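Just below is one structure, and these are the notes that go with it.
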Amino acid sequence: MDKVKADASSAQQKLQTAQKAYDEAKKKQEKMTASVASLTKKLAYEKKQLAHAKAVLALAQSKKATTKKKSTKKATTKKTTKKATKKKVAKKVKKAKKVVVASSKFTSLKGSKKAFVGKWKKAKSVSGYQVRYSTASSMKKAKTKSTKATKLKVSGLKSKKKYYVQLRSYRKLSGKTYYSAWTKAKTVKNR
């Protein structure tokens, strides 16, 4: 009877160790399947990235090829039309007239608290006016303000300072801006 009990207990121990080994093997298998699944996902993502990079590269190469074709066409046409364009430009320069912009003068220039107000007469056929001011008579570090009106208030100045102020008008024609000369500097003292 003792022998049977000993055999039974040894069989039970063997069964337990076999069960532990089975459980450990099962856990390892689950870990391996999870890692395989994550690796397949990474592989699919990398394949997509590679395909996208190839598409971008192909697009860039096709653009490069088309720009090379265009540049060779331009080079051949430039040689033939260079002489003709020089002649046309020379004719246009001869025909071009100097644009004269009407000037204006200050009618009044009054100082107020940390500011000054300038007024002037309206000039004919101008797009607007520019007022520049500085504390130096040489107009170094001068600031410029633009307006379309015939009156401008400049504020945010230092108090009890003497400012030199100039005015000029400008005119916009076919995308270019033409200016009159700056007026003689007038002085104004703010409060």
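Labels for the structure tokens follow display order: chains A, B, ..., residues from 1 in each chain, ligands from 1.
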Please identify all polymer residues within 12 Å of Gly111 in chain A, counting only C-alpha atoms, omitting same-chain residues fewer than 5 positions from it, and present them as a PDB file with all heavy atoms, in the first residue's frame.
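To be explicit, this is the file written out as out-v5.pdb:
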```pdb
ATOM      1  N   PHE A 116       2.024 115.860 -33.383  1.00  0.00           N
ATOM      2  CA  PHE A 116       1.861 117.052 -34.193  1.00  0.00           C
ATOM      3  C   PHE A 116       0.883 116.754 -35.331  1.00  0.00           C
ATOM      4  O   PHE A 116       0.684 115.601 -35.716  1.00  0.00           O
ATOM      5  CB  PHE A 116       3.197 117.591 -34.736  1.00  0.00           C
ATOM      6  CG  PHE A 116       3.874 116.706 -35.751  1.00  0.00           C
ATOM      7  CD1 PHE A 116       3.524 116.740 -37.106  1.00  0.00           C
ATOM      8  CD2 PHE A 116       4.885 115.846 -35.377  1.00  0.00           C
ATOM      9  CE1 PHE A 116       4.157 115.944 -38.027  1.00  0.00           C
ATOM     10  CE2 PHE A 116       5.523 115.034 -36.296  1.00  0.00           C
ATOM     11  CZ  PHE A 116       5.158 115.082 -37.618  1.00  0.00           C
ATOM     12  N   VAL A 117       0.265 117.828 -35.831  1.00  0.00           N
ATOM     13  CA  VAL A 117      -0.710 117.699 -36.919  1.00  0.00           C
ATOM     14  C   VAL A 117      -0.234 118.561 -38.074  1.00  0.00           C
ATOM     15  O   VAL A 117       0.053 119.745 -37.911  1.00  0.00           O
ATOM     16  CB  VAL A 117      -2.120 118.148 -36.469  1.00  0.00           C
ATOM     17  CG1 VAL A 117      -3.110 118.037 -37.623  1.00  0.00           C
ATOM     18  CG2 VAL A 117      -2.590 117.323 -35.286  1.00  0.00           C
ATOM     19  N   GLY A 118      -0.155 117.944 -39.259  1.00  0.00           N
ATOM     20  CA  GLY A 118       0.242 118.665 -40.454  1.00  0.00           C
ATOM     21  C   GLY A 118      -0.891 118.717 -41.463  1.00  0.00           C
ATOM     22  O   GLY A 118      -1.616 117.746 -41.646  1.00  0.00           O
ATOM     23  N   LYS A 119      -1.055 119.875 -42.099  1.00  0.00           N
ATOM     24  CA  LYS A 119      -2.075 120.050 -43.147  1.00  0.00           C
ATOM     25  C   LYS A 119      -1.396 120.631 -44.371  1.00  0.00           C
ATOM     26  O   LYS A 119      -0.450 121.407 -44.245  1.00  0.00           O
ATOM     27  CB  LYS A 119      -3.185 120.996 -42.676  1.00  0.00           C
ATOM     28  CG  LYS A 119      -4.028 120.448 -41.558  1.00  0.00           C
ATOM     29  CD  LYS A 119      -5.097 121.452 -41.149  1.00  0.00           C
ATOM     30  CE  LYS A 119      -5.889 120.978 -39.950  1.00  0.00           C
ATOM     31  NZ  LYS A 119      -6.878 121.972 -39.522  1.00  0.00           N
ATOM     32  N   LEU A 152      -2.593 114.934 -41.553  1.00  0.00           N
ATOM     33  CA  LEU A 152      -2.035 113.763 -40.875  1.00  0.00           C
ATOM     34  C   LEU A 152      -1.646 114.129 -39.455  1.00  0.00           C
ATOM     35  O   LEU A 152      -0.983 115.147 -39.223  1.00  0.00           O
ATOM     36  CB  LEU A 152      -0.802 113.233 -41.615  1.00  0.00           C
ATOM     37  CG  LEU A 152      -0.124 112.011 -40.996  1.00  0.00           C
ATOM     38  CD1 LEU A 152      -0.994 110.768 -41.152  1.00  0.00           C
ATOM     39  CD2 LEU A 152       1.218 111.772 -41.628  1.00  0.00           C
ATOM     40  N   LYS A 153      -2.076 113.272 -38.507  1.00  0.00           N
ATOM     41  CA  LYS A 153      -1.678 113.443 -37.113  1.00  0.00           C
ATOM     42  C   LYS A 153      -0.668 112.345 -36.794  1.00  0.00           C
ATOM     43  O   LYS A 153      -0.944 111.163 -36.965  1.00  0.00           O
ATOM     44  CB  LYS A 153      -2.878 113.338 -36.179  1.00  0.00           C
ATOM     45  CG  LYS A 153      -2.500 113.556 -34.723  1.00  0.00           C
ATOM     46  CD  LYS A 153      -3.705 113.518 -33.805  1.00  0.00           C
ATOM     47  CE  LYS A 153      -3.262 113.796 -32.374  1.00  0.00           C
ATOM     48  NZ  LYS A 153      -4.401 113.809 -31.450  1.00  0.00           N
ATOM     49  N   VAL A 154       0.506 112.764 -36.339  1.00  0.00           N
ATOM     50  CA  VAL A 154       1.559 111.821 -35.942  1.00  0.00           C
ATOM     51  C   VAL A 154       1.645 111.865 -34.426  1.00  0.00           C
ATOM     52  O   VAL A 154       1.944 112.908 -33.848  1.00  0.00           O
ATOM     53  CB  VAL A 154       2.916 112.198 -36.578  1.00  0.00           C
ATOM     54  CG1 VAL A 154       3.989 111.234 -36.126  1.00  0.00           C
ATOM     55  CG2 VAL A 154       2.808 112.191 -38.093  1.00  0.00           C
ATOM     56  N   SER A 155       1.367 110.716 -33.786  1.00  0.00           N
ATOM     57  CA  SER A 155       1.377 110.669 -32.326  1.00  0.00           C
ATOM     58  C   SER A 155       2.401 109.658 -31.830  1.00  0.00           C
ATOM     59  O   SER A 155       3.052 108.978 -32.612  1.00  0.00           O
ATOM     60  CB  SER A 155      -0.021 110.314 -31.817  1.00  0.00           C
ATOM     61  OG  SER A 155      -0.445 109.107 -32.396  1.00  0.00           O
ATOM     62  N   LEU A 157       5.045 110.509 -29.922  1.00  0.00           N
ATOM     63  CA  LEU A 157       6.369 111.137 -29.983  1.00  0.00           C
ATOM     64  C   LEU A 157       6.873 111.474 -28.586  1.00  0.00           C
ATOM     65  O   LEU A 157       6.123 111.415 -27.608  1.00  0.00           O
ATOM     66  CB  LEU A 157       6.296 112.417 -30.830  1.00  0.00           C
ATOM     67  CG  LEU A 157       5.751 112.270 -32.245  1.00  0.00           C
ATOM     68  CD1 LEU A 157       5.585 113.639 -32.877  1.00  0.00           C
ATOM     69  CD2 LEU A 157       6.658 111.414 -33.082  1.00  0.00           C
ATOM     70  N   LYS A 158       8.134 111.852 -28.500  1.00  0.00           N
ATOM     71  CA  LYS A 158       8.705 112.287 -27.226  1.00  0.00           C
ATOM     72  C   LYS A 158       8.196 113.694 -26.923  1.00  0.00           C
ATOM     73  O   LYS A 158       8.087 114.531 -27.826  1.00  0.00           O
ATOM     74  CB  LYS A 158      10.230 112.277 -27.300  1.00  0.00           C
ATOM     75  CG  LYS A 158      10.814 110.893 -27.453  1.00  0.00           C
ATOM     76  CD  LYS A 158      12.321 110.962 -27.609  1.00  0.00           C
ATOM     77  CE  LYS A 158      12.895 109.584 -27.849  1.00  0.00           C
ATOM     78  NZ  LYS A 158      14.342 109.621 -28.088  1.00  0.00           N
ATOM     79  N   SER A 159       7.903 113.943 -25.663  1.00  0.00           N
ATOM     80  CA  SER A 159       7.353 115.255 -25.301  1.00  0.00           C
ATOM     81  C   SER A 159       8.447 116.326 -25.259  1.00  0.00           C
ATOM     82  O   SER A 159       9.614 116.038 -24.984  1.00  0.00           O
ATOM     83  CB  SER A 159       6.643 115.181 -23.942  1.00  0.00           C
ATOM     84  OG  SER A 159       7.553 114.772 -22.954  1.00  0.00           O
ATOM     85  N   LYS A 160       8.031 117.546 -25.553  1.00  0.00           N
ATOM     86  CA  LYS A 160       8.898 118.733 -25.526  1.00  0.00           C
ATOM     87  C   LYS A 160      10.152 118.571 -26.381  1.00  0.00           C
ATOM     88  O   LYS A 160      11.264 118.902 -25.974  1.00  0.00           O
ATOM     89  CB  LYS A 160       9.263 119.102 -24.082  1.00  0.00           C
ATOM     90  CG  LYS A 160       8.053 119.486 -23.253  1.00  0.00           C
ATOM     91  CD  LYS A 160       8.422 119.801 -21.837  1.00  0.00           C
ATOM     92  CE  LYS A 160       7.180 120.125 -21.031  1.00  0.00           C
ATOM     93  NZ  LYS A 160       7.475 120.385 -19.622  1.00  0.00           N
ATOM     94  N   LYS A 161       9.944 118.053 -27.592  1.00  0.00           N
ATOM     95  CA  LYS A 161      11.052 117.855 -28.532  1.00  0.00           C
ATOM     96  C   LYS A 161      10.775 118.634 -29.805  1.00  0.00           C
ATOM     97  O   LYS A 161       9.623 118.818 -30.211  1.00  0.00           O
ATOM     98  CB  LYS A 161      11.207 116.378 -28.890  1.00  0.00           C
ATOM     99  CG  LYS A 161      11.962 115.562 -27.878  1.00  0.00           C
ATOM    100  CD  LYS A 161      13.429 115.648 -28.137  1.00  0.00           C
ATOM    101  CE  LYS A 161      14.207 114.721 -27.249  1.00  0.00           C
ATOM    102  NZ  LYS A 161      15.617 114.770 -27.488  1.00  0.00           N
ATOM    103  N   LYS A 162      11.851 119.039 -30.463  1.00  0.00           N
ATOM    104  CA  LYS A 162      11.752 119.751 -31.736  1.00  0.00           C
ATOM    105  C   LYS A 162      11.892 118.723 -32.855  1.00  0.00           C
ATOM    106  O   LYS A 162      12.858 117.951 -32.886  1.00  0.00           O
ATOM    107  CB  LYS A 162      12.871 120.782 -31.829  1.00  0.00           C
ATOM    108  CG  LYS A 162      12.818 121.670 -33.030  1.00  0.00           C
ATOM    109  CD  LYS A 162      13.975 122.661 -32.967  1.00  0.00           C
ATOM    110  CE  LYS A 162      13.971 123.625 -34.113  1.00  0.00           C
ATOM    111  NZ  LYS A 162      15.108 124.552 -34.048  1.00  0.00           N
ATOM    112  N   TYR A 163      10.926 118.703 -33.770  1.00  0.00           N
ATOM    113  CA  TYR A 163      10.938 117.755 -34.887  1.00  0.00           C
ATOM    114  C   TYR A 163      11.054 118.505 -36.212  1.00  0.00           C
ATOM    115  O   TYR A 163      10.470 119.587 -36.392  1.00  0.00           O
ATOM    116  CB  TYR A 163       9.663 116.915 -34.894  1.00  0.00           C
ATOM    117  CG  TYR A 163       9.692 115.788 -33.885  1.00  0.00           C
ATOM    118  CD1 TYR A 163       9.234 115.983 -32.588  1.00  0.00           C
ATOM    119  CD2 TYR A 163      10.185 114.534 -34.210  1.00  0.00           C
ATOM    120  CE1 TYR A 163       9.264 114.964 -31.660  1.00  0.00           C
ATOM    121  CE2 TYR A 163      10.227 113.506 -33.287  1.00  0.00           C
ATOM    122  CZ  TYR A 163       9.765 113.728 -32.020  1.00  0.00           C
ATOM    123  OH  TYR A 163       9.809 112.713 -31.099  1.00  0.00           O
ATOM    124  N   TYR A 164      11.819 117.931 -37.126  1.00  0.00           N
ATOM    125  CA  TYR A 164      11.929 118.439 -38.499  1.00  0.00           C
ATOM    126  C   TYR A 164      11.015 117.583 -39.354  1.00  0.00           C
ATOM    127  O   TYR A 164      11.083 116.360 -39.330  1.00  0.00           O
ATOM    128  CB  TYR A 164      13.384 118.344 -38.979  1.00  0.00           C
ATOM    129  CG  TYR A 164      14.314 119.217 -38.186  1.00  0.00           C
ATOM    130  CD1 TYR A 164      14.914 118.749 -37.029  1.00  0.00           C
ATOM    131  CD2 TYR A 164      14.574 120.533 -38.578  1.00  0.00           C
ATOM    132  CE1 TYR A 164      15.768 119.555 -36.282  1.00  0.00           C
ATOM    133  CE2 TYR A 164      15.429 121.339 -37.838  1.00  0.00           C
ATOM    134  CZ  TYR A 164      16.014 120.837 -36.697  1.00  0.00           C
ATOM    135  OH  TYR A 164      16.849 121.637 -35.961  1.00  0.00           O
ATOM    136  N   VAL A 165      10.147 118.245 -40.122  1.00  0.00           N
ATOM    137  CA  VAL A 165       9.105 117.536 -40.871  1.00  0.00           C
ATOM    138  C   VAL A 165       9.186 117.906 -42.347  1.00  0.00           C
ATOM    139  O   VAL A 165       9.357 119.076 -42.690  1.00  0.00           O
ATOM    140  CB  VAL A 165       7.700 117.869 -40.324  1.00  0.00           C
ATOM    141  CG1 VAL A 165       6.651 117.002 -40.978  1.00  0.00           C
ATOM    142  CG2 VAL A 165       7.650 117.707 -38.810  1.00  0.00           C
ATOM    143  N   LYS A 186      10.391 121.714 -42.238  1.00  0.00           N
ATOM    144  CA  LYS A 186       9.785 122.678 -41.320  1.00  0.00           C
ATOM    145  C   LYS A 186       9.933 122.124 -39.915  1.00  0.00           C
ATOM    146  O   LYS A 186       9.958 120.909 -39.712  1.00  0.00           O
ATOM    147  CB  LYS A 186       8.305 122.870 -41.647  1.00  0.00           C
ATOM    148  CG  LYS A 186       8.067 123.754 -42.823  1.00  0.00           C
ATOM    149  CD  LYS A 186       6.637 124.242 -42.805  1.00  0.00           C
ATOM    150  CE  LYS A 186       6.433 125.420 -43.720  1.00  0.00           C
ATOM    151  NZ  LYS A 186       5.151 126.043 -43.526  1.00  0.00           N
ATOM    152  N   THR A 187      10.007 123.020 -38.955  1.00  0.00           N
ATOM    153  CA  THR A 187      10.169 122.571 -37.564  1.00  0.00           C
ATOM    154  C   THR A 187       8.874 122.718 -36.793  1.00  0.00           C
ATOM    155  O   THR A 187       8.077 123.637 -37.044  1.00  0.00           O
ATOM    156  CB  THR A 187      11.273 123.358 -36.841  1.00  0.00           C
ATOM    157  OG1 THR A 187      10.943 124.743 -36.899  1.00  0.00           O
ATOM    158  CG2 THR A 187      12.621 123.106 -37.466  1.00  0.00           C
ATOM    159  N   VAL A 188       8.680 121.789 -35.851  1.00  0.00           N
ATOM    160  CA  VAL A 188       7.508 121.855 -34.972  1.00  0.00           C
ATOM    161  C   VAL A 188       7.945 121.327 -33.607  1.00  0.00           C
ATOM    162  O   VAL A 188       8.748 120.407 -33.515  1.00  0.00           O
ATOM    163  CB  VAL A 188       6.326 121.029 -35.553  1.00  0.00           C
ATOM    164  CG1 VAL A 188       6.663 119.560 -35.656  1.00  0.00           C
ATOM    165  CG2 VAL A 188       5.069 121.226 -34.729  1.00  0.00           C
ATOM    166  N   LYS A 189       7.427 121.986 -32.555  1.00  0.00           N
ATOM    167  CA  LYS A 189       7.757 121.544 -31.191  1.00  0.00           C
ATOM    168  C   LYS A 189       6.474 121.084 -30.525  1.00  0.00           C
ATOM    169  O   LYS A 189       5.468 121.807 -30.517  1.00  0.00           O
ATOM    170  CB  LYS A 189       8.400 122.686 -30.410  1.00  0.00           C
ATOM    171  CG  LYS A 189       9.069 122.220 -29.128  1.00  0.00           C
ATOM    172  CD  LYS A 189       9.893 123.325 -28.510  1.00  0.00           C
ATOM    173  CE  LYS A 189      10.640 122.779 -27.282  1.00  0.00           C
ATOM    174  NZ  LYS A 189      11.490 123.796 -26.655  1.00  0.00           N
ATOM    175  N   ASN A 190       6.518 119.866 -29.994  1.00  0.00           N
ATOM    176  CA  ASN A 190       5.323 119.351 -29.330  1.00  0.00           C
ATOM    177  C   ASN A 190       5.379 119.620 -27.830  1.00  0.00           C
ATOM    178  O   ASN A 190       6.419 119.990 -27.306  1.00  0.00           O
ATOM    179  CB  ASN A 190       5.134 117.863 -29.626  1.00  0.00           C
ATOM    180  CG  ASN A 190       6.322 117.037 -29.248  1.00  0.00           C
ATOM    181  OD1 ASN A 190       7.225 117.523 -28.592  1.00  0.00           O
ATOM    182  ND2 ASN A 190       6.337 115.794 -29.677  1.00  0.00           N
ATOM    183  N   ARG A 191       4.242 119.388 -27.195  1.00  0.00           N
ATOM    184  CA  ARG A 191       4.172 119.629 -25.740  1.00  0.00           C
ATOM    185  C   ARG A 191       4.425 118.366 -24.970  1.00  0.00           C
ATOM    186  O   ARG A 191       4.304 117.282 -25.444  1.00  0.00           O
ATOM    187  CB  ARG A 191       2.778 120.162 -25.406  1.00  0.00           C
ATOM    188  CG  ARG A 191       2.594 121.604 -25.838  1.00  0.00           C
ATOM    189  CD  ARG A 191       1.252 122.124 -25.424  1.00  0.00           C
ATOM    190  NE  ARG A 191       0.340 122.075 -26.571  1.00  0.00           N
ATOM    191  CZ  ARG A 191      -0.919 121.685 -26.508  1.00  0.00           C
ATOM    192  NH1 ARG A 191      -1.449 121.306 -25.369  1.00  0.00           N
ATOM    193  NH2 ARG A 191      -1.664 121.663 -27.580  1.00  0.00           N
TER     194      ARG A 191
END
```
Looking only at the backbone, which of the residues in chain A does DSSP tag as strand (DSSP E), as a ChimeraX atom specification? /A:106-112,115-120,128-134,143-147,151-155,162-173,176-179,186-189
Kindly export the residues of the current selection with N, CA and C atoms, as a short mmCIF file (atom, residue, chain, number, x, y, z; two decimals), in the first residue's frame.
```cif
data_model
loop_
_atom_site.label_atom_id
_atom_site.label_comp_id
_atom_site.auth_asym_id
_atom_site.auth_seq_id
_atom_site.Cartn_x
_atom_site.Cartn_y
_atom_site.Cartn_z
N PHE A 106 3.20 122.45 -46.86
CA PHE A 106 2.42 122.52 -45.63
C PHE A 106 1.70 123.86 -45.55
N THR A 107 0.42 123.82 -45.19
CA THR A 107 -0.31 125.06 -44.91
C THR A 107 -0.27 125.34 -43.42
N SER A 108 -0.22 124.27 -42.62
CA SER A 108 -0.06 124.45 -41.17
C SER A 108 0.61 123.22 -40.57
N LEU A 109 1.37 123.47 -39.51
CA LEU A 109 2.07 122.41 -38.79
C LEU A 109 2.06 122.79 -37.32
N LYS A 110 1.22 122.10 -36.53
CA LYS A 110 1.04 122.47 -35.12
C LYS A 110 1.39 121.29 -34.22
N GLY A 111 2.08 121.63 -33.13
CA GLY A 111 2.45 120.62 -32.14
C GLY A 111 1.39 120.49 -31.08
N SER A 112 1.18 119.27 -30.60
CA SER A 112 0.28 119.03 -29.48
C SER A 112 0.98 118.10 -28.51
N ALA A 115 2.62 114.82 -29.92
CA ALA A 115 2.16 114.62 -31.30
C ALA A 115 2.26 115.94 -32.06
N PHE A 116 2.02 115.86 -33.38
CA PHE A 116 1.86 117.05 -34.19
C PHE A 116 0.88 116.75 -35.33
N VAL A 117 0.27 117.83 -35.83
CA VAL A 117 -0.71 117.70 -36.92
C VAL A 117 -0.23 118.56 -38.07
N GLY A 118 -0.15 117.94 -39.26
CA GLY A 118 0.24 118.66 -40.45
C GLY A 118 -0.89 118.72 -41.46
N LYS A 119 -1.05 119.87 -42.10
CA LYS A 119 -2.07 120.05 -43.15
C LYS A 119 -1.40 120.63 -44.37
N TRP A 120 -1.89 120.28 -45.56
CA TRP A 120 -1.31 120.77 -46.80
C TRP A 120 -2.37 120.85 -47.88
N GLY A 128 -1.23 109.88 -53.36
CA GLY A 128 -1.16 110.08 -51.91
C GLY A 128 0.04 110.92 -51.54
N TYR A 129 0.27 110.98 -50.21
CA TYR A 129 1.34 111.83 -49.69
C TYR A 129 2.15 111.04 -48.66
N GLN A 130 3.39 111.46 -48.48
CA GLN A 130 4.25 110.90 -47.45
C GLN A 130 4.80 112.03 -46.60
N VAL A 131 4.79 111.82 -45.29
CA VAL A 131 5.34 112.78 -44.35
C VAL A 131 6.46 112.07 -43.61
N ARG A 132 7.64 112.68 -43.59
CA ARG A 132 8.73 112.09 -42.81
C ARG A 132 9.18 113.09 -41.75
N TYR A 133 9.57 112.55 -40.60
CA TYR A 133 9.93 113.41 -39.48
C TYR A 133 11.10 112.81 -38.71
N SER A 134 11.89 113.72 -38.11
CA SER A 134 13.07 113.30 -37.36
C SER A 134 13.43 114.39 -36.36
N LYS A 143 11.41 108.77 -39.69
CA LYS A 143 10.28 107.84 -39.86
C LYS A 143 9.33 108.44 -40.89
N THR A 144 8.70 107.56 -41.68
CA THR A 144 7.82 108.02 -42.76
C THR A 144 6.42 107.46 -42.57
N LYS A 145 5.43 108.31 -42.78
CA LYS A 145 4.02 107.90 -42.72
C LYS A 145 3.38 108.27 -44.06
N SER A 146 2.50 107.38 -44.55
CA SER A 146 1.81 107.62 -45.82
C SER A 146 0.32 107.85 -45.55
N THR A 147 -0.28 108.68 -46.39
CA THR A 147 -1.71 108.94 -46.29
C THR A 147 -2.25 109.40 -47.64
N LYS A 151 -4.31 115.76 -44.52
CA LYS A 151 -4.08 116.05 -43.11
C LYS A 151 -3.55 114.78 -42.46
N LEU A 152 -2.59 114.93 -41.55
CA LEU A 152 -2.04 113.76 -40.87
C LEU A 152 -1.65 114.13 -39.45
N LYS A 153 -2.08 113.27 -38.51
CA LYS A 153 -1.68 113.44 -37.11
C LYS A 153 -0.67 112.35 -36.79
N VAL A 154 0.51 112.76 -36.34
CA VAL A 154 1.56 111.82 -35.94
C VAL A 154 1.64 111.86 -34.43
N SER A 155 1.37 110.72 -33.79
CA SER A 155 1.38 110.67 -32.33
C SER A 155 2.40 109.66 -31.83
N LYS A 162 11.85 119.04 -30.46
CA LYS A 162 11.75 119.75 -31.74
C LYS A 162 11.89 118.72 -32.85
N TYR A 163 10.93 118.70 -33.77
CA TYR A 163 10.94 117.76 -34.89
C TYR A 163 11.05 118.51 -36.21
N TYR A 164 11.82 117.93 -37.13
CA TYR A 164 11.93 118.44 -38.50
C TYR A 164 11.01 117.58 -39.35
N VAL A 165 10.15 118.25 -40.12
CA VAL A 165 9.10 117.54 -40.87
C VAL A 165 9.19 117.91 -42.35
N GLN A 166 9.07 116.89 -43.23
CA GLN A 166 9.06 117.11 -44.67
C GLN A 166 7.86 116.40 -45.30
N LEU A 167 7.48 116.87 -46.48
CA LEU A 167 6.32 116.33 -47.18
C LEU A 167 6.69 116.07 -48.64
N ARG A 168 6.13 115.01 -49.20
CA ARG A 168 6.23 114.77 -50.65
C ARG A 168 4.98 114.02 -51.09
N SER A 169 4.68 114.12 -52.38
CA SER A 169 3.52 113.41 -52.93
C SER A 169 4.02 112.29 -53.83
N TYR A 170 3.13 111.32 -54.06
CA TYR A 170 3.50 110.21 -54.94
C TYR A 170 2.33 109.86 -55.86
N ARG A 171 2.70 109.21 -56.96
CA ARG A 171 1.70 108.82 -57.96
C ARG A 171 2.00 107.41 -58.44
N LYS A 172 0.97 106.58 -58.50
CA LYS A 172 1.14 105.20 -58.95
C LYS A 172 0.64 105.08 -60.38
N LEU A 173 1.54 104.62 -61.27
CA LEU A 173 1.20 104.42 -62.68
C LEU A 173 1.70 103.06 -63.13
N LYS A 176 4.09 101.04 -61.00
CA LYS A 176 5.27 101.72 -60.46
C LYS A 176 4.84 102.95 -59.68
N THR A 177 5.65 103.33 -58.69
CA THR A 177 5.36 104.50 -57.87
C THR A 177 6.40 105.58 -58.16
N TYR A 178 5.90 106.79 -58.46
CA TYR A 178 6.76 107.93 -58.74
C TYR A 178 6.57 108.97 -57.64
N TYR A 179 7.68 109.60 -57.19
CA TYR A 179 7.63 110.54 -56.08
C TYR A 179 8.06 111.93 -56.51
N LYS A 186 10.39 121.71 -42.24
CA LYS A 186 9.78 122.68 -41.32
C LYS A 186 9.93 122.12 -39.92
N THR A 187 10.01 123.02 -38.96
CA THR A 187 10.17 122.57 -37.56
C THR A 187 8.87 122.72 -36.79
N VAL A 188 8.68 121.79 -35.85
CA VAL A 188 7.51 121.86 -34.97
C VAL A 188 7.94 121.33 -33.61
N LYS A 189 7.43 121.99 -32.55
CA LYS A 189 7.76 121.54 -31.19
C LYS A 189 6.47 121.08 -30.53
#
```
CA of Val56 in chain A and CA of Ala44 in chain A are how many Å apart? 18.6 Å
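The interatomic distance for the pair CA of Lys28 in chain A and CA of Gln16 in chain A works out to 18.4 Å.
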Just to confirm, what's the straight-line distance from CA of Val126 in chain A to CA of Val100 in chain A in Å (one decimal)?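 CA of Val100 in chain A lies at a distance of 10.2 Å from CA of Val126 in chain A.
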Proximity to Lys124 in chain A - best of A:Ala8, A:Ala18, A:Ala102, A:Leu57, only C-alpha atoms: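 Closest to Lys124 in chain A, using only C-alpha atoms: A:Ala102.
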